[in-house]
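Input: a single structure, listed below in structure tokens.
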Amino acid sequence: MEAPRVNLYLVGFAGTGKSTVGRHAARALGYTLLDVDHEIERTQGRPIPQIFAEQGEPAFRALERAFIAQGHPAEGCVVSCGGGLVVPEGMLPLLKARGVVICLHASLATILERTGRANNRPLLAGENREEKLRALYAAREAIYRRTGTMVLTDSRPLREIVAHVLRVYRQEAREWRPPA
Ligand code: S3P
């Protein structure tokens with residue numbers, strides 16, 4: 001029997017490498033890559049900072065939830081999730097009901113460095129970026145740890161990270177079952 005093409009959801013803090021690793025994993029698996037942030041920007045016709053500014057964070061979280069609940073195919077996808085997607089109540093069970101969830105992890109120092117260049121993250125925008133990042137990281141760490149298998153992305157070559165993610169995915173995809 002052919003292995004089912006169970007979706008793979010990559011979660012984790014901003015700057016842990018979800019988009020890059022997702023792109024490589026999707027290519028290796030022959031799956032479609034869906035980046036939730038990009039999909040929301042495309043369907044809303046506005047960048048994320050504008051959605052936050054005009055409608056607020058709860059509206060953005062509702063768009064994320066709608067995308068996960070009914071906005072994408074049920075199989076054959078690698079879905080790179082925004083850093084806060086898995087945080088609201090009910091999102092983790094929803095993801096787990098749709099596929100394999102793998103969390104990418106990195107130290108605060110790595111994240112600070114990786115997120116330093118771009119200004120497209122409204123939760124980290126403005127003054128005291130480091131303080132904001134530290135607070136968000138502390139508030140979310142326990143949630144990320146509960147999501148599933150964690151793959152470290154600090155000081156490791158990309159191909160090694162991708163190979164690790166693929167190994168975990170193949171193993172967990174074999175065991176994954178849709179909710180009864
Ligand atoms: C967010 C992370 C961003 C994006 C939005 C909110 C968060 O995605 O979804 O700015 O709450 O951590 P990345 O993790 O891709 O930066």
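Every chain in the structure tokens has a letter given in the order shown (A, B, ...), and although residue numbers restart at 1 in each chain, ligands are simply numbered from 1 in the order shown.
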With a cut-off of 6 Å, could you pull out the residues of chain A touching ligand 1 and give me the nearest pair of atoms for each, distance in Å to one decimal, using only C-alpha atoms and all ligand atoms, ordered by chain and ascending number, as a Markdown table?
```
| residue | atom | partner | partner_atom_place_in_ligand_line | distance |
| --- | --- | --- | --- | --- |
| A:Phe13 | CA | ligand 1 | 14 (O) | 5.4 |
| A:Ala14 | CA | ligand 1 | 14 (O) | 3.3 |
| A:Asp37 | CA | ligand 1 | 9 (O) | 5.4 |
| A:Gly82 | CA | ligand 1 | 8 (O) | 3.5 |
| A:Gly83 | CA | ligand 1 | 14 (O) | 3.4 |
| A:Gly84 | CA | ligand 1 | 11 (O) | 3.5 |
| A:Arg121 | CA | ligand 1 | 10 (O) | 4.1 |
| A:Pro122 | CA | ligand 1 | 10 (O) | 5.4 |
```
All residues 12 Å or closer to A:Ser155, only C-alpha atoms, same chain fewer than 6 positions away omitted, as an MDAnalysis selection string: chainID A and resid 16:17 105:107 109:111 161
Would you output that residue set with N, CA, C and O atoms, as a PDB file, in the first residue's frame?
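Saved to selection-v7.pdb:
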```
ATOM      1  N   THR A  16      12.963  30.440  13.752  1.00  0.00           N
ATOM      2  CA  THR A  16      13.508  29.100  13.995  1.00  0.00           C
ATOM      3  C   THR A  16      13.754  28.364  12.676  1.00  0.00           C
ATOM      4  O   THR A  16      14.265  27.238  12.683  1.00  0.00           O
ATOM      5  N   GLY A  17      13.363  28.963  11.565  1.00  0.00           N
ATOM      6  CA  GLY A  17      13.684  28.379  10.252  1.00  0.00           C
ATOM      7  C   GLY A  17      12.532  27.653   9.581  1.00  0.00           C
ATOM      8  O   GLY A  17      12.746  26.874   8.646  1.00  0.00           O
ATOM      9  N   HIS A 105      13.081  24.520  16.958  1.00  0.00           N
ATOM     10  CA  HIS A 105      13.488  25.239  18.160  1.00  0.00           C
ATOM     11  C   HIS A 105      14.835  25.905  17.942  1.00  0.00           C
ATOM     12  O   HIS A 105      15.685  25.380  17.233  1.00  0.00           O
ATOM     13  N   ALA A 106      15.020  27.053  18.570  1.00  0.00           N
ATOM     14  CA  ALA A 106      16.327  27.721  18.532  1.00  0.00           C
ATOM     15  C   ALA A 106      16.462  28.519  19.824  1.00  0.00           C
ATOM     16  O   ALA A 106      15.463  28.849  20.468  1.00  0.00           O
ATOM     17  N   SER A 107      17.700  28.833  20.170  1.00  0.00           N
ATOM     18  CA  SER A 107      17.921  29.618  21.384  1.00  0.00           C
ATOM     19  C   SER A 107      17.472  31.057  21.140  1.00  0.00           C
ATOM     20  O   SER A 107      17.371  31.509  19.993  1.00  0.00           O
ATOM     21  N   ALA A 109      19.181  33.679  21.615  1.00  0.00           N
ATOM     22  CA  ALA A 109      20.246  34.434  20.935  1.00  0.00           C
ATOM     23  C   ALA A 109      20.155  34.254  19.424  1.00  0.00           C
ATOM     24  O   ALA A 109      20.273  35.218  18.657  1.00  0.00           O
ATOM     25  N   THR A 110      19.933  33.009  18.991  1.00  0.00           N
ATOM     26  CA  THR A 110      19.814  32.738  17.552  1.00  0.00           C
ATOM     27  C   THR A 110      18.604  33.468  16.979  1.00  0.00           C
ATOM     28  O   THR A 110      18.670  34.085  15.913  1.00  0.00           O
ATOM     29  N   ILE A 111      17.504  33.419  17.701  1.00  0.00           N
ATOM     30  CA  ILE A 111      16.272  34.048  17.215  1.00  0.00           C
ATOM     31  C   ILE A 111      16.454  35.558  17.110  1.00  0.00           C
ATOM     32  O   ILE A 111      16.050  36.186  16.135  1.00  0.00           O
ATOM     33  N   ILE A 161      19.340  19.598   9.388  1.00  0.00           N
ATOM     34  CA  ILE A 161      18.038  19.922  10.005  1.00  0.00           C
ATOM     35  C   ILE A 161      16.910  19.325   9.157  1.00  0.00           C
ATOM     36  O   ILE A 161      15.987  18.693   9.668  1.00  0.00           O
TER      37      ILE A 161
END
```
Tell me, in Å to one decimal, how far atom CA of A:Thr147 is from atom CA of A:Phe60.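 Value for the atom CA of A:Thr147-atom CA of A:Phe60 distance: 20.8 Å.
One finds atom CA of A:Val6 at 9.1 Å from atom CA of A:Tyr169.
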What is the distance between atom CA of A:Ile68 and atom CA of A:Ala53, in Å to one decimal?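 Distance between the two atoms: 22.5 Å.
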All residues 10 Å or closer to A:Pro4, only C-alpha atoms, same chain fewer than 3 positions away omitted, as a list in words: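 So, after excluding close chain neighbours, the residues are Met1, Asn7, Glu75, Gly76, Ala173, Arg174 and Trp176 of chain A.
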Restricting it to C-alpha atoms, dump the selection as a compact mmCIF listing (two decimals), in the first residue's frame.
```txt
# COMPACT_ATOMS: atom_id res chain seq x y z
CA MET A 1 0.00 0.00 0.00
CA ASN A 7 0.33 16.86 5.92
CA GLU A 75 -2.88 15.91 2.26
CA GLY A 76 0.33 16.40 0.34
CA ALA A 173 3.30 9.90 9.36
CA ARG A 174 3.26 6.09 9.39
CA TRP A 176 -0.66 9.10 12.28
```
Using only C-alpha atoms, which of A:Glu89, A:Glu172, A:Glu57, A:Asp35 sits nearest A:Thr149? A:Glu172
Where does DSSP see strand (DSSP E or B) in stretch 67-131 of chain A, if you list the residues as a PyMOL selection string? chain A and resi 75+77-80+99-105
Only C-alpha atoms, please: the residues just picked out, written as a short mmCIF file (atom, residue, chain, number, x, y, z; two decimals), in the first residue's frame.
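Below is the file that was written, part-v8.cif:
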```
data_model
loop_
_atom_site.label_atom_id
_atom_site.label_comp_id
_atom_site.auth_asym_id
_atom_site.auth_seq_id
_atom_site.Cartn_x
_atom_site.Cartn_y
_atom_site.Cartn_z
CA GLU A 75 -2.88 15.91 2.26
CA CYS A 77 1.23 19.71 2.03
CA VAL A 78 4.06 21.04 4.12
CA VAL A 79 2.54 23.91 6.07
CA SER A 80 4.88 26.46 7.55
CA GLY A 99 -1.34 15.85 10.27
CA VAL A 100 2.10 15.54 11.80
CA VAL A 101 3.28 18.51 13.88
CA ILE A 102 6.98 19.19 14.26
CA CYS A 103 8.34 22.10 16.27
CA LEU A 104 11.53 23.85 15.26
CA HIS A 105 13.49 25.24 18.16
#
```
Selection near A:Pro49, 9 Å with only C-alpha atoms, sequence-local residues under 2 positions removed, as a count of residues only: 10
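Closest approach to A:Leu85 among A:Thr115, A:Gly15, A:Arg65, A:Val21 is made by A:Arg65 (distances from only C-alpha atoms).
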Between A:Ala118, A:Val11, A:Ala125, A:Leu33, which one has atoms that come closest to A:Leu92, using only C-alpha atoms?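 Of A:Ala118, A:Val11, A:Ala125, A:Leu33, the one nearest A:Leu92 is A:Val11, counting only C-alpha atoms.
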Do a neighbour search on A:His164 at 10 Å with only C-alpha atoms, toss out local chain neighbours closer than 6 positions, and write the hits as a PyMOL selection string. chain A and resi 151-152+158
Could you check which of A:His24, A:Arg5, A:Arg145, A:Arg134 is closest to A:Glu160, using only C-alpha atoms?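 Of A:His24, A:Arg5, A:Arg145, A:Arg134, the one nearest A:Glu160, counting only C-alpha atoms, is A:His24.
Listed by chain and then by rising number, the residues of stretch 41-93 of chain A that DSSP assigns to helix (DSSP H, G or I) from the backbone are Glu41, Arg42, Thr43, Gln44, Ile48, Pro49, Gln50, Ile51, Phe52, Ala53, Glu54, Gln55, Glu57, Pro58, Ala59, Phe60, Arg61, Ala62, Leu63, Glu64, Arg65, Ala66, Phe67, Ile68, Ala69, Gln70, Met91, Leu92 and Pro93 of chain A.
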